[in-house]
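Asker: This is structure28.tsv (TSV, C-alpha atoms).
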```tsv
chain	number	residue	atom	x	y	z
O	23	MET	CA	-58.03	-37.91	-42.92
O	24	LYS	CA	-61.19	-35.93	-43.49
O	25	HIS	CA	-61.08	-34.70	-39.89
O	26	MET	CA	-57.50	-33.56	-40.39
O	27	HIS	CA	-58.40	-31.50	-43.52
O	28	SER	CA	-61.38	-30.02	-41.70
O	29	ARG	CA	-59.22	-28.94	-38.77
O	30	ARG	CA	-56.67	-27.32	-41.11
O	31	LEU	CA	-59.43	-25.46	-42.99
O	32	LEU	CA	-60.97	-24.31	-39.72
O	33	GLY	CA	-57.57	-23.02	-38.54
O	34	VAL	CA	-57.09	-21.01	-41.73
O	35	LEU	CA	-60.54	-19.46	-41.44
O	36	LEU	CA	-59.97	-18.52	-37.79
O	37	THR	CA	-56.62	-16.91	-38.64
O	38	CYS	CA	-58.16	-14.82	-41.44
O	39	ALA	CA	-60.96	-13.71	-39.14
O	40	LEU	CA	-58.51	-12.60	-36.46
O	41	VAL	CA	-56.46	-10.57	-38.95
O	42	ALA	CA	-59.57	-8.84	-40.30
O	43	CYS	CA	-60.72	-7.89	-36.82
O	44	SER	CA	-57.32	-6.61	-35.66
O	45	GLY	CA	-57.74	-3.33	-37.70
O	46	ARG	CA	-54.26	-3.38	-39.37
O	47	LYS	CA	-53.71	-0.37	-41.67
O	48	ASP	CA	-50.07	-0.79	-42.59
O	49	ILE	CA	-51.01	-1.69	-46.14
O	50	ALA	CA	-52.74	1.12	-48.05
O	51	PRO	CA	-55.52	0.18	-50.40
O	52	VAL	CA	-54.92	0.56	-54.12
O	53	PRO	CA	-57.00	3.54	-55.42
O	54	SER	CA	-59.53	2.83	-58.06
O	55	ALA	CA	-59.68	4.58	-61.43
O	56	ALA	CA	-62.70	6.57	-60.18
O	57	ASP	CA	-60.73	7.78	-57.14
O	58	VAL	CA	-57.86	9.00	-59.36
O	59	ALA	CA	-60.24	10.82	-61.70
O	60	SER	CA	-61.87	12.63	-58.78
O	61	VAL	CA	-58.61	14.39	-57.67
O	62	PRO	CA	-58.91	18.12	-58.59
O	63	ALA	CA	-56.33	19.55	-61.03
O	64	SER	CA	-55.33	22.23	-58.50
O	65	ALA	CA	-54.06	19.52	-56.17
O	66	THR	CA	-51.44	18.47	-58.72
O	67	PRO	CA	-48.18	20.39	-58.13
O	68	GLY	CA	-46.80	22.33	-61.08
O	69	PRO	CA	-44.22	25.02	-61.97
O	70	PRO	CA	-44.53	28.45	-60.25
O	71	ALA	CA	-46.51	31.13	-62.06
O	72	ALA	CA	-44.46	33.38	-64.35
O	73	PRO	CA	-44.02	37.02	-63.26
O	74	ALA	CA	-46.27	39.66	-64.80
O	75	THR	CA	-44.83	41.10	-67.99
O	76	GLY	CA	-45.54	44.09	-70.16
O	77	ILE	CA	-45.36	44.71	-73.88
O	78	ALA	CA	-43.12	42.30	-75.79
O	79	GLY	CA	-42.46	40.36	-72.59
O	80	ALA	CA	-40.63	43.20	-70.83
O	81	ALA	CA	-41.17	43.76	-67.13
O	82	THR	CA	-43.81	46.44	-66.62
O	83	GLY	CA	-41.85	48.56	-64.09
O	84	ALA	CA	-43.77	51.84	-64.45
O	85	VAL	CA	-42.06	54.80	-62.78
O	86	ALA	CA	-43.28	58.27	-61.82
O	87	ARG	CA	-41.28	61.35	-62.79
O	88	LYS	CA	-41.63	64.88	-61.42
O	89	THR	CA	-39.61	68.08	-61.69
O	90	VAL	CA	-40.32	71.64	-60.51
O	91	LEU	CA	-39.04	75.02	-61.71
O	92	ASP	CA	-39.75	78.02	-59.46
O	93	CYS	CA	-40.00	81.38	-61.24
O	94	ASP	CA	-40.89	84.48	-59.22
O	95	ASP	CA	-44.42	83.78	-57.97
O	96	ARG	CA	-44.97	80.69	-60.12
O	97	SER	CA	-44.03	77.00	-59.95
O	98	ILE	CA	-43.94	75.00	-63.18
O	99	ILE	CA	-44.34	71.29	-62.57
O	100	VAL	CA	-43.84	68.53	-65.12
O	101	GLU	CA	-45.11	65.10	-64.11
O	102	ALA	CA	-45.12	61.87	-66.11
O	103	THR	CA	-45.81	58.16	-65.76
O	104	CYS	CA	-43.38	56.15	-67.88
O	105	SER	CA	-41.96	52.66	-68.35
O	106	PRO	CA	-38.96	51.16	-70.21
O	107	LEU	CA	-40.98	49.70	-73.10
O	108	ASN	CA	-38.19	50.59	-75.54
O	109	GLY	CA	-35.27	50.12	-73.15
O	110	PRO	CA	-33.91	52.04	-70.14
O	111	ARG	CA	-32.26	54.88	-72.09
O	112	MET	CA	-35.53	56.46	-73.26
O	113	LEU	CA	-38.67	55.86	-71.22
O	114	ALA	CA	-42.05	55.73	-72.95
O	115	CYS	CA	-44.75	57.70	-71.14
O	116	THR	CA	-48.44	56.91	-70.95
O	117	ALA	CA	-49.30	60.15	-69.11
O	118	GLN	CA	-47.70	63.59	-68.86
O	119	SER	CA	-48.79	67.00	-67.63
O	120	LEU	CA	-47.46	70.54	-67.20
O	121	THR	CA	-48.96	72.37	-64.22
O	122	VAL	CA	-48.61	76.06	-63.36
O	123	SER	CA	-49.29	76.98	-59.74
O	124	SER	CA	-48.68	79.92	-57.43
O	125	HIS	CA	-45.42	80.06	-55.48
O	126	PRO	CA	-45.54	79.87	-52.58
O	127	GLY	CA	-49.01	78.57	-51.80
O	128	GLY	CA	-49.45	75.98	-54.52
O	129	GLU	CA	-52.76	77.26	-55.91
O	130	VAL	CA	-53.16	75.57	-59.29
O	131	LYS	CA	-53.57	78.07	-62.13
O	132	SER	CA	-53.75	75.59	-65.01
O	133	VAL	CA	-52.97	72.00	-65.98
O	134	HIS	CA	-51.94	71.09	-69.53
O	135	ARG	CA	-52.25	67.36	-70.21
O	136	PHE	CA	-50.42	65.86	-73.16
O	137	MET	CA	-52.68	63.43	-75.01
O	138	PRO	CA	-51.40	59.86	-75.62
O	139	GLN	CA	-51.43	58.73	-79.24
O	140	PRO	CA	-52.52	55.22	-80.34
O	141	GLY	CA	-49.68	52.71	-80.13
O	142	ALA	CA	-48.49	50.29	-82.81
O	143	ASP	CA	-47.84	46.53	-82.71
O	144	GLY	CA	-49.75	46.08	-79.47
O	145	ASP	CA	-48.10	48.98	-77.61
O	146	PRO	CA	-50.33	51.06	-75.33
O	147	PRO	CA	-51.17	54.68	-76.25
O	148	LEU	CA	-48.08	56.81	-75.58
O	149	VAL	CA	-47.36	60.51	-75.17
O	150	GLU	CA	-45.26	61.69	-78.11
O	151	GLU	CA	-44.05	64.99	-76.63
O	152	LYS	CA	-41.06	65.19	-74.30
O	153	VAL	CA	-39.87	68.28	-72.43
O	154	GLY	CA	-36.19	69.11	-72.84
O	155	THR	CA	-35.92	72.50	-71.11
O	156	LEU	CA	-38.19	74.73	-69.03
O	157	SER	CA	-37.63	78.49	-69.02
O	158	CYS	CA	-39.35	81.52	-67.54
O	159	LEU	CA	-38.73	84.59	-69.71
O	160	ARG	CA	-39.50	88.29	-69.44
O	161	THR	CA	-40.11	90.48	-72.49
O	162	GLU	CA	-39.05	94.12	-72.90
O	163	ALA	CA	-42.66	95.03	-72.08
O	164	ASN	CA	-42.19	93.24	-68.73
O	165	GLU	CA	-44.54	90.42	-69.67
O	166	ARG	CA	-43.63	87.01	-68.30
O	167	TYR	CA	-43.94	83.73	-70.18
O	168	ILE	CA	-43.13	80.06	-69.68
O	169	VAL	CA	-41.32	78.40	-72.58
O	170	ALA	CA	-40.81	74.66	-72.95
O	171	SER	CA	-38.39	73.27	-75.51
O	172	MET	CA	-39.95	70.06	-76.82
O	173	TYR	CA	-38.83	67.00	-78.80
O	174	ASN	CA	-40.20	63.60	-79.75
O	175	GLY	CA	-37.01	61.58	-80.10
O	176	GLY	CA	-37.08	61.59	-83.90
O	177	ASN	CA	-34.73	63.08	-86.46
O	178	CYS	CA	-36.72	65.53	-88.54
O	179	GLU	CA	-37.30	69.26	-89.01
O	180	GLN	CA	-40.37	69.24	-86.77
O	181	CYS	CA	-39.04	66.80	-84.17
O	182	GLU	CA	-37.85	69.72	-82.00
O	183	TRP	CA	-39.96	72.79	-81.27
O	184	HIS	CA	-40.97	75.33	-78.61
O	185	GLU	CA	-44.22	75.97	-76.78
O	186	ALA	CA	-44.99	79.23	-74.95
O	187	TYR	CA	-47.47	79.60	-72.07
O	188	ASP	CA	-48.64	82.84	-70.52
O	189	TRP	CA	-48.22	83.46	-66.79
O	190	THR	CA	-51.52	81.70	-66.02
O	191	GLY	CA	-50.40	78.58	-67.90
O	192	ARG	CA	-52.45	79.05	-71.07
O	193	LEU	CA	-50.73	77.79	-74.23
O	194	VAL	CA	-50.34	80.83	-76.49
O	195	ALA	CA	-47.76	79.86	-79.11
O	196	SER	CA	-45.92	76.96	-80.73
O	197	ASP	CA	-43.43	76.80	-83.60
O	198	ARG	CA	-43.87	73.10	-84.32
O	199	ASP	CA	-45.56	74.04	-87.57
O	200	ARG	CA	-42.70	75.90	-89.23
O	201	SER	CA	-45.03	77.28	-91.89
O	202	LYS	CA	-46.65	79.51	-89.25
O	203	THR	CA	-44.82	82.30	-87.43
O	204	ASN	CA	-45.63	83.73	-84.01
O	205	ALA	CA	-44.40	87.17	-83.01
O	206	VAL	CA	-44.50	86.49	-79.25
O	207	LEU	CA	-42.50	83.27	-79.47
O	208	GLY	CA	-40.05	84.83	-81.92
O	209	GLU	CA	-39.41	87.74	-79.53
O	210	LEU	CA	-38.99	85.42	-76.54
O	211	LEU	CA	-36.48	83.16	-78.25
O	212	THR	CA	-34.51	86.09	-79.72
O	213	ASP	CA	-34.33	87.99	-76.42
O	214	SER	CA	-33.39	84.94	-74.39
O	215	SER	CA	-30.51	84.14	-76.72
O	216	ARG	CA	-29.16	87.70	-76.65
O	217	HIS	CA	-29.93	89.03	-73.17
O	218	GLY	CA	-29.43	86.85	-70.11
O	219	SER	CA	-31.39	89.33	-68.01
O	220	SER	CA	-34.63	88.29	-69.77
O	221	VAL	CA	-34.29	84.76	-68.38
O	222	ILE	CA	-35.98	84.58	-64.97
O	223	ALA	CA	-35.14	80.90	-64.40
O	224	LYS	CA	-34.24	77.87	-66.48
O	225	LYS	CA	-34.01	74.12	-65.96
O	226	GLU	CA	-32.72	71.30	-68.15
O	227	LEU	CA	-34.65	68.06	-67.72
O	228	VAL	CA	-31.52	65.90	-67.87
O	229	GLY	CA	-32.34	62.25	-67.21
O	230	PHE	CA	-36.07	62.91	-66.80
O	231	TYR	CA	-36.89	60.28	-69.42
O	232	SER	CA	-34.18	57.83	-68.42
O	233	ALA	CA	-34.70	54.77	-66.22
O	234	THR	CA	-31.81	55.95	-64.03
O	235	PRO	CA	-32.07	59.77	-63.80
```
Would you give me this structure, written as structure tokens?

Answerer:
Amino acid sequence: MKHMHSRRLLGVLLTCALVACSGRKDIAPVPSAADVASVPASATPGPPAAPATGIAGAATGAVARKTVLDCDDRSIIVEATCSPLNGPRMLACTAQSLTVSSHPGGEVKSVHRFMPQPGADGDPPLVEEKVGTLSCLRTEANERYIVASMYNGGNCEQCEWHEAYDWTGRLVASDRDRSKTNAVLGELLTDSSRHGSSVIAKKELVGFYSATP
């Protein structure tokens, strides 16, 4: 009986030894707690990253705007960088400039940059001024000026005004402050409303500040 038990035990041991030496890998080992802890977080799949957003969660979507008015030997160029922070109907601009250059040739005479004002509620600094109309006017003394009708989108007495530049692009007059009068600007606006011949060229900036001009 003892020999029989010994033979059975020997058979079991031989079988186990053969299995261990056969190199079977069909059964994966159970990972230890240390192995699980060592897996880097980046290896764990997760949701895709959210798209970049701008102020108040709106898509950034900055757009460049440019328009040109040619007047005799001058080109007046308005350029702006804007985005639909307040919706597509009225773009908000972070940069804007009015450039006067020779025409033809393109020699820059002057560049007037509108300064952004500090934003509110986390908004970036924005340019308040918007250009509604560009005009090149000639006075009775045969002097030429560039006049820009301006607005800021508000509803007030000083929310619409005019700015006059000489032929080199230097700002010489503005009627935004209604308490101050300017003879040059007054003459330009009066003549242009009465005599069409004093208007060299004119351009309405329709859709310039819209997301779909």

Asker: Would you mind telling me which residue in O:Val130, O:Arg111, O:Thr161, O:Thr116 lies nearest to Ser97 of chain O when using only C-alpha atoms?

Answerer: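 Answer, going by the shortest atom-to-atom distance: O:Val130.
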
Asker: When you draw a straight line from atom CA of Pro147 of chain O to atom CA of Ser132 of chain O, how long is it in Å?

Answerer: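 So the two atoms, atom CA of Pro147 of chain O and atom CA of Ser132 of chain O, lie 23.9 Å apart.
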
Asker: Fewer than 5 positions away in the same chain doesn't count, so skip those; otherwise give me all residues within 9 Å of Ala84 of chain O, counting only C-alpha atoms, as a list in words.

Answerer: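 The residues that qualify are Thr103, Cys104, Ser105, Pro106 and Cys115 of chain O.
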
Asker: For Val100 of chain O, which of O:Tyr167, O:Tyr173, O:Trp189, O:Phe136 is the closest residue, counting only C-alpha atoms?

Answerer: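 Of the candidates, the smallest distance to Val100 of chain O is held by O:Phe136.
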
Asker: Could you tell me how far atom CA of Thr121 of chain O sits from atom CA of Cys181 of chain O, in Å to one decimal place?

Answerer: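 Those two atoms sit 23.0 Å apart.
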
Asker: Could you list, as JSON, numbers by chain, every residue within 9 Å of Glu182 of chain O, counting all atoms listed in the file and ignoring same-chain residues fewer than 5 positions away?

Answerer: {"O": [171, 172, 173, 174, 175, 176, 177, 198]}

Asker: Can you work out the spacing between atom CA of Arg192 of chain O and atom CA of Leu120 of chain O in Å, to one decimal?

Answerer: 10.6 Å

Asker: Which residue out of O:Val206, O:Cys93, O:Val85, O:Val122 has the minimum interatomic distance to Cys158 of chain O when all atoms listed in the file are used?

Answerer: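 Counting all atoms listed in the file, the residue closest to Cys158 of chain O is O:Cys93.
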
Asker: I need the residue nearest Tyr187 of chain O from this list: O:Arg166, O:Lys202, O:Lys224, O:Arg96. Use all atoms listed in the file for the distance.

Answerer: O:Arg166

Asker: Determine, counting all atoms listed in the file, which protein, DNA and RNA residues have an atom within 7 Å of an atom of Lys131 of chain O; residues of the same chain fewer than 5 positions away are not included. Present the result as a VMD selection string.

Answerer: chain O and resid 122 to 123 190 to 191

Asker: Considering only C-alpha atoms, can you say which of O:Ala223, O:Ala170, O:Ala117, O:Val133 comes closest to Pro146 of chain O?

Answerer: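 Residue with the minimum atom-to-atom distance to Pro146 of chain O: O:Ala117.
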